[in-house]
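**Student:** I'd like to ask some things about the structure below.
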Amino acid sequence: MSSSFFVKKTDYTKPVKKVRATPAAKRVKDLETSETGAQRGKKSSSKYNEEISSDSETEGPIVSKRRQKTEEEDYDETPQEKKLRLAKRYLEQLKQEEENKAEEETFESDLIAGRLQEEVLEQRGKLQRPIAKDILPPDSSEVRLFKGHKLPVICLVISPDDKFVFSAAKDCSVIKWDVATGRKLHTVHGGRKGTDDRHVGHTAHVLCMAISSDGKYLATGDMNKLIMIWEADTLKHLYKFTGHKGPVSGLSFRKGTHDLYSASHDRSIKVWNVDENAYVETLFGHQDAITGLDSLSRERCVTAGGRDRTVRVWKIAEESQLVFHGHEGSIDCIQLINEEHMITGADDGSVCLWSVNKKKPLTTVKQAHGCHGDRGLEQPHWVSSVAALHNSDAVASGASGCSHNSHVQLWKCGQNYRGLEPLFSVPVPGFVNCLKFASSGQFLVAGVGQEHRLGRWWRLKEAKNGIYVIPLKRKPNQDEASTLESR
C-alpha cells in the first residue's frame with residue numbers, strides 16, 4: 001500500500017457571510033442540499049466499496065434522483081402561480097392599509113367632532129368638565145410661598161401659558177414671578193404719594209389687574225383712579241388711562257381681544273380699546289361702589305355691587321343690564337365659571353352660584369368658612385375672594401382670616417351647577433385677598449396678606465405677605481393605575 005492511503009486530505013474553504021434567506025431561496029437551498037446529499041452518498045459508497053463489495057452501489061444514485069424529482073415537483077412554482085401569489089399578497093397589503101387608514105380617519109373625526117362639540121357648549125355657556133372629583137388634596141410641604149412684597153398682596157393674575165404670575169400689593173409695587181423657580185423676573189417699585197408726574201409706576205394701593213388672553217398686555221388699577229397698561233413680557237410702561245372719579249376696583253380683558261373693561265368705586269363701568277389707546281364708553285347702574293368685575297369672550301361683563309347687594313350682567317352691545325339679588329351682605333368678589341354661570345362671595349360668609357338666566361342664586365352656602373368670636377356673638381368669616389377653573393366643576397373660595405384657622409376651600413359644583421359640595425381645604429395663614437386657577441388646572445395661586453385688601457380692620461402679625469402656589473394633583477385614570485400596579 002502507498003503511504004497516501006493513510007493521509008487524510010484537508011480542504012480549506014473560505015468562510016461565507018450568512019444572508020437571511022427568503023422563502024424562495026430556502027426552497028433552492030433545500031434542492032441543493034438534496035443534490036449534495038446524493039453526491040455525498042455516492043462518494044461514501046465508493047469509499048467503502050474499496051473495502052466491502054455490495055450491490056447497493058447502483059441503488060444510491062437512483063434513489064437520490066427520485067427524491068430530487070419529488071422535491072422539485074413539491075417546490076417548483078410556475079410563473080402563473082407566482083403572479084397569482086404576488087397579486088394576492090398585494091391585495092392583502094392594500095386591504096390592511098385601507099383598514100388602518102379608515103381607523104385613523106375615524107379617530108381623527110371623533111377628535112374633531114368632540115372638539116367642535118366642546119367649543120359649541122363653551123360658547124353657549126353649558127360646558128362643564130367633571131374634574132373636581134379627581135383633584136387630590138396637596139401635602140403641606142408641596143405648597144410654596146413666594147415672598148417679595150413688603151405689604152399685603154391685593155391682586156394677581158396668571159399668564160395664559162401658566163409660566164408666570166403677576167402680583168400687586170399695598171406697597172404699590174408690581175412683580176412678575178417665574179412659577180417654576182419662584183424667582184422674581186421683573187419688579188416695578190411703588191412711588192411716594194404725590195410723585196405721579198415723575199414716577200413710572202403706581203403711587204397708591206394697586207387694587208386690581210388683568211392680562212390679555214394672548215399675554216401681550218397687562219393692566220393695573222389703583223386707588224388714585226388710574227389705569228396703567230404694561231408690556232407683559234418686560235413690564236415696560238405703555239399707556240395711562242384716566243377718567244374714573246374713584247378708585248379702580250376691577251379690570252378684565254375680553255377674551256380674544258384687547259378690549260378692556262374697568263369698574264370703579266364711582267359706580268361706573270368703562271370700556272377701553274388698548275390697541276388704539278382709546279376710551280370707548282361708560283355704563284351706569286350700580287347704587288354703591290363696585291367691588292369686582294369679570295368677563296370672558298362674549299361682549300358682556302359681570303360686576304359685584306358691594307353694599308347695593310346686587311350682581312349685574314352688562315350687555316355692552318345692547319346697552320342693557322340684568323340685575324340679580326341673593327346675598328344679605330356686601331358682595332366683595334365675583335368670577336365667571338363659563339359664559340352663563342358665575343360664583344360670588346360676600347361679607348355675610350356666603351358663597352353663591354348663579355345662572356344668567358335666573359335672578360336668584362342656583363345654590364347658596366352660608367357660613368362657607370365657619371364663624372369666629374365668642375359664643376353667642378359669632379360672626380361668619382368674610383369671603384374675600386373666589387376663583388373658578390373655566391368650563392369645569394371646580395371652584396375655590398378664600399376668607400378674611402381674623403383668626404389662625406384661615407384656609408382656602410375647594411368646592412365641587414353639582415350637575416348643572418345646582419349644588420356646591422366641599423372637597424378639601426388648604427391652611428393658609430392670613431387674609432386670602434385673591435385667588436386664581438391656572439388655565440391647565442395644575443395649580444391654584446393665592447395672594448395673602450396681614451390685612452384685608454380693602455381696609456385695615458384687623459391685622460395678623462403672624463401672617464406673611466406673599467403668594468402661595470398650591471399644586472392640584474389628580475387621581476390617575478384606570479389605565480395609569482393598572483400600569484402603576486403592574487410595576
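We name chains A, B, ... following the order of the C-alpha cells; residues begin at 1 in each chain, and ligands are numbered from 1 as shown.
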Sorted by chain and rising residue number, list the residues of stretch 269-294 of chain A at most 12 Å from stretch 199-207 of chain A (counting only C-alpha atoms), each with its closest atom pair and distance in Å to one decimal, as a tab-separated table.
**Tutor:**
```
residue	atom	partner	partner_atom	distance
A:Ile290	CA	A:Leu207	CA	12.0
A:Thr291	CA	A:Leu207	CA	9.7
A:Gly292	CA	A:Leu207	CA	10.0
A:Leu293	CA	A:Leu207	CA	11.9
```
**Student:** With 10 Å as the cut-off and only C-alpha atoms counted, what is the closest atom pair between each nearby residue of stretch 365-450 of chain A and stretch 456-476 of chain A? Distances in Å to one decimal, ordered by chain and number, as CSV.
**Tutor:**
```
residue,atom,partner,partner_atom,distance
A:Ser400,CA,A:Trp458,CA,9.3
A:Gly401,CA,A:Leu460,CA,8.4
A:Cys402,CA,A:Trp458,CA,6.5
A:Ser403,CA,A:Leu460,CA,8.0
A:His404,CA,A:Leu460,CA,8.6
A:Val408,CA,A:Ile470,CA,9.7
A:Val426,CA,A:Ile470,CA,8.3
A:Val428,CA,A:Tyr468,CA,8.1
A:Pro429,CA,A:Ala463,CA,5.4
A:Gly430,CA,A:Ala463,CA,4.8
A:Phe431,CA,A:Ala463,CA,8.1
A:Val432,CA,A:Ile467,CA,9.4
A:Cys434,CA,A:Ile467,CA,9.3
A:Leu435,CA,A:Ile467,CA,9.6
A:Lys436,CA,A:Val469,CA,9.9
A:Phe437,CA,A:Ile470,CA,9.6
A:Ala438,CA,A:Leu472,CA,9.8
A:Gly441,CA,A:Leu472,CA,7.0
A:Gln442,CA,A:Leu472,CA,5.1
A:Phe443,CA,A:Pro471,CA,4.3
A:Leu444,CA,A:Ile470,CA,5.0
A:Val445,CA,A:Val469,CA,4.7
A:Ala446,CA,A:Tyr468,CA,5.1
A:Gly447,CA,A:Ile467,CA,4.5
A:Val448,CA,A:Gly466,CA,5.6
A:Gly449,CA,A:Asn465,CA,4.3
A:Gln450,CA,A:Leu460,CA,4.9
```
**Student:** Quick one: residues within 9 Å of A:Arg254, only C-alpha atoms counted, chain neighbours fewer than 4 positions away excluded, as a list of chain:residue names?
**Tutor:**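 Contacts, with the query itself left out: A:Ser212, A:Ser213, A:His258, A:Asp259, A:Leu260, A:Tyr261, A:Asp294, A:Ser295, A:Leu296, A:Ser297, A:Arg298, A:Glu299, A:Arg300, A:Cys301.
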**Student:** Could you save those same residues with C-alpha atoms as a PDB file, in the first residue's frame?
**Tutor:**
```pdb
ATOM      1  CA  SER A 212     -54.945  89.845  27.817  1.00  0.00           C
ATOM      2  CA  SER A 213     -55.673  86.346  26.512  1.00  0.00           C
ATOM      3  CA  HIS A 258     -57.691  93.846  23.521  1.00  0.00           C
ATOM      4  CA  ASP A 259     -60.931  95.449  24.733  1.00  0.00           C
ATOM      5  CA  LEU A 260     -60.609  96.324  28.417  1.00  0.00           C
ATOM      6  CA  TYR A 261     -63.465  96.661  30.925  1.00  0.00           C
ATOM      7  CA  ASP A 294     -65.032  89.713  35.258  1.00  0.00           C
ATOM      8  CA  SER A 295     -65.593  88.813  31.585  1.00  0.00           C
ATOM      9  CA  LEU A 296     -64.996  86.062  29.022  1.00  0.00           C
ATOM     10  CA  SER A 297     -65.377  86.013  25.231  1.00  0.00           C
ATOM     11  CA  ARG A 298     -68.883  87.468  24.880  1.00  0.00           C
ATOM     12  CA  GLU A 299     -69.313  91.220  24.591  1.00  0.00           C
ATOM     13  CA  ARG A 300     -70.512  91.476  28.164  1.00  0.00           C
ATOM     14  CA  CYS A 301     -69.143  91.638  31.708  1.00  0.00           C
TER      15      CYS A 301
END
```
**Student:** Using only C-alpha atoms, which of the listed residues (A:Lys150, A:Arg89, A:Lys358, A:His341) sits closest to A:Ala169?
**Tutor:** A:Lys150
**Student:** Between atom CA of A:Cys333 and atom CA of A:Ala304, what distance in Å does the model show, to one decimal?
**Tutor:**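 According to the coordinates, atom CA of A:Cys333 and atom CA of A:Ala304 are separated by 6.4 Å.
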**Student:** Quick one: residues within 8 Å of A:Phe164, only C-alpha atoms, excluding same-chain residues fewer than 5 positions away - as a list of chain:residue names?
**Tutor:** A:Ile158, A:Ser159, A:Lys176, A:Trp177, A:Asp178, A:Val179
